[in-house]
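Please read the structure below before turning to the comments.
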Amino acid sequence: MSESTGHDFERSWWRERAKKRIVSHFAAGLVGGTPHRAYLRELGVSKDSIFTGYDVVDNEHFAAGAEVVRNSGQNSRDQHSLPDQYFLASGRFVPKKNFPRLIKAFAHYRRRVSSEGWDLVLLGEGPERDAIEETIDTEDVRESVHLPGFKQYGELPSYYGLAGAFVHASTREQWGLVVNEAMAAGLPVLVSDRCGCAPDLVDEGRNGFTFDPYDPSDLAGYMHRIAHRDVDREKMGVTSRDIITNWGPERFATGLREAAETALHAGPPSRSLFDRLLTWGLMYR
């Protein structure tokens, strides 16, 4: 099982060569999506032996929970102290999540739309908290950026359900399961083009957009675009749900079964003495 892509880490030729010697002996693989399949192909696994479905969530949990809070009206919004309209982002406060640049993009967006703009809600905690707080103050968006902290699994659908759109700005992400969660909750999504899920889950212009996570102005433009009053966000949210329907626990189960059956049919691999020693050395290094 793998959710690695060819670009989610800096790759050295000698590590890749050693990895290829080992991975090429696998009879089957279960991966996240398109870029993960391509990387496993580069490592020597046959294209007919690679199956998808590794990265899924319980779609019904987020769909049902979001629907409940939407139907409850203002009560849920008041209960969670949430603004009327907001972008939502969620993740651990660590460098790769790129929250300071997200805040800069949001500040750029707010300056463009003035007082009519949406707010930004960031869920999570972590070592980058001070950097995030500093960026909020530097960009002068303290009144429009909300930090409710880390939220448990059962609480998340409420925050998704009351949001207008979801933003995932990571500079490096093997997949990005929070995007699955947001789409299951029926949200339009703005997703960094460095996220492994982007090629499979984002249908450009139909349920969201991808952007360069190192360019705050690029993201700001899409934030302005998706929050515009003429955009049919409800339709985009329906498209998100339609897409993510094919990425649920059933797909994981099917992919895992197919991979296991393929491996059993192929039988044990034939390996050289060098490959056996290499595998042994890596196991005990």
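Identifiers in the structure tokens: chain A, B, ... in order shown; residue index from 1 per chain; ligand index from 1 in order shown.
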With the cut-off set at 12 Å and counting only C-alpha atoms, tabulate each residue of segment 187-230 of chain A with an atom at most that distance from an atom of segment 51-64 of chain A, showing the nearest atom pair and its distance in Å to one decimal, ordered by chain and increasing number, as JSON lines.
{"residue": "A:Leu187", "atom": "CA", "partner": "A:Ala63", "partner_atom": "CA", "distance": 10.1}
{"residue": "A:Gly196", "atom": "CA", "partner": "A:Asp55", "partner_atom": "CA", "distance": 10.1}
{"residue": "A:Cys197", "atom": "CA", "partner": "A:Asp55", "partner_atom": "CA", "distance": 8.7}
{"residue": "A:Asp200", "atom": "CA", "partner": "A:Thr52", "partner_atom": "CA", "distance": 10.8}
{"residue": "A:Leu201", "atom": "CA", "partner": "A:Asp55", "partner_atom": "CA", "distance": 11.4}
Inset, instruction - Write down as number ranges by chain the residues belonging to segment 38-125 of chain A that are assigned strand (DSSP E or B) by DSSP computed on the backbone. - result: A: 50-52, 86-90, 119-123
Inset, instruction - Please give the complete set of residues from segment 76-142 of chain A that DSSP, run on the backbone, assigns to alpha helix (DSSP H), formatted as a list in words. - result: Ser76, Arg77, Asp78, Gln79, Phe99, Pro100, Arg101, Leu102, Ile103, Lys104, Ala105, Phe106, Ala107, His108, Tyr109, Arg110, Arg111, Arg112, Val113, Arg129, Asp130, Ala131, Ile132, Glu133, Glu134, Thr135, Ile136, Asp137 and Thr138 of chain A
Tell me, counting only C-alpha atoms, for each residue of segment 7-101 of chain A within 12 Å of segment 218-234 of chain A, which pair of atoms is nearest and how far apart they are in Å to one decimal, in rows ordered by chain and increasing number, as a Markdown table.
| residue | atom | partner | partner_atom | distance |
| --- | --- | --- | --- | --- |
| A:Gln85 | CA | A:Ala227 | CA | 9.0 |
| A:Tyr86 | CA | A:Ala227 | CA | 9.0 |
| A:Phe87 | CA | A:Met223 | CA | 8.4 |
| A:Leu88 | CA | A:Met223 | CA | 11.3 |
| A:Arg101 | CA | A:Leu219 | CA | 9.4 |
Store the residues picked out above in a file with N, CA, C and O atoms, as a PDB file, in the first residue's frame.
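Below you can see result_37.pdb, which holds the result:
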ATOM      1  N   GLN A  85     -20.379  33.883   6.566  1.00  0.00           N
ATOM      2  CA  GLN A  85     -19.741  33.298   5.385  1.00  0.00           C
ATOM      3  C   GLN A  85     -18.245  33.157   5.668  1.00  0.00           C
ATOM      4  O   GLN A  85     -17.612  34.116   6.141  1.00  0.00           O
ATOM      5  N   TYR A  86     -17.692  31.984   5.366  1.00  0.00           N
ATOM      6  CA  TYR A  86     -16.261  31.811   5.614  1.00  0.00           C
ATOM      7  C   TYR A  86     -15.657  30.703   4.761  1.00  0.00           C
ATOM      8  O   TYR A  86     -16.330  29.769   4.334  1.00  0.00           O
ATOM      9  N   PHE A  87     -14.367  30.884   4.496  1.00  0.00           N
ATOM     10  CA  PHE A  87     -13.537  29.810   3.960  1.00  0.00           C
ATOM     11  C   PHE A  87     -13.076  28.967   5.141  1.00  0.00           C
ATOM     12  O   PHE A  87     -12.752  29.502   6.202  1.00  0.00           O
ATOM     13  N   LEU A  88     -13.007  27.657   4.932  1.00  0.00           N
ATOM     14  CA  LEU A  88     -12.545  26.762   5.980  1.00  0.00           C
ATOM     15  C   LEU A  88     -11.247  26.092   5.549  1.00  0.00           C
ATOM     16  O   LEU A  88     -11.096  25.684   4.389  1.00  0.00           O
ATOM     17  N   ARG A 101       1.102  31.448   4.342  1.00  0.00           N
ATOM     18  CA  ARG A 101       0.823  31.921   2.980  1.00  0.00           C
ATOM     19  C   ARG A 101      -0.668  31.966   2.699  1.00  0.00           C
ATOM     20  O   ARG A 101      -1.151  32.841   1.964  1.00  0.00           O
TER      21      ARG A 101
END
Inset, instruction - Check the smallest atom-to-atom distance from each of A:Ser49, A:Thr210, A:Thr279, A:Ser90 to Lys151 of chain A using only C-alpha atoms, then report the winner. - result: A:Ser90
Inset, instruction - List the neighbours of segment 270-272 of chain A out to 10 Å using only C-alpha atoms; skip same-chain residues closer than 5 positions along the sequence, and give me the result as an MDAnalysis selection string. - result: chainID A and resid 21:22 25 277:278
For the selection just defined, write its residues with N, CA, C and O atoms to a file, as a PDB file, in the first residue's frame.
ATOM      1  N   ARG A  21      14.547  -1.664  -6.859  1.00  0.00           N
ATOM      2  CA  ARG A  21      14.931  -3.083  -6.806  1.00  0.00           C
ATOM      3  C   ARG A  21      14.009  -3.858  -5.873  1.00  0.00           C
ATOM      4  O   ARG A  21      13.706  -5.028  -6.115  1.00  0.00           O
ATOM      5  N   ILE A  22      13.555  -3.207  -4.804  1.00  0.00           N
ATOM      6  CA  ILE A  22      12.681  -3.878  -3.844  1.00  0.00           C
ATOM      7  C   ILE A  22      11.228  -3.868  -4.319  1.00  0.00           C
ATOM      8  O   ILE A  22      10.560  -4.900  -4.374  1.00  0.00           O
ATOM      9  N   HIS A  25       9.605  -6.169  -7.047  1.00  0.00           N
ATOM     10  CA  HIS A  25       9.291  -7.555  -6.728  1.00  0.00           C
ATOM     11  C   HIS A  25       7.870  -7.737  -6.199  1.00  0.00           C
ATOM     12  O   HIS A  25       7.403  -8.863  -6.057  1.00  0.00           O
ATOM     13  N   LEU A 277      19.663  -9.642   0.272  1.00  0.00           N
ATOM     14  CA  LEU A 277      20.540  -8.971   1.231  1.00  0.00           C
ATOM     15  C   LEU A 277      20.167  -7.503   1.391  1.00  0.00           C
ATOM     16  O   LEU A 277      20.206  -6.956   2.506  1.00  0.00           O
ATOM     17  N   LEU A 278      19.793  -6.863   0.282  1.00  0.00           N
ATOM     18  CA  LEU A 278      19.379  -5.457   0.343  1.00  0.00           C
ATOM     19  C   LEU A 278      18.133  -5.307   1.206  1.00  0.00           C
ATOM     20  O   LEU A 278      18.058  -4.416   2.071  1.00  0.00           O
TER      21      LEU A 278
END
Inset, instruction - Quote the spacing between atom CA of Leu123 of chain A and atom CA of Val179 of chain A in Å to one decimal place. - result: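 These two atoms are separated by 13.7 Å.
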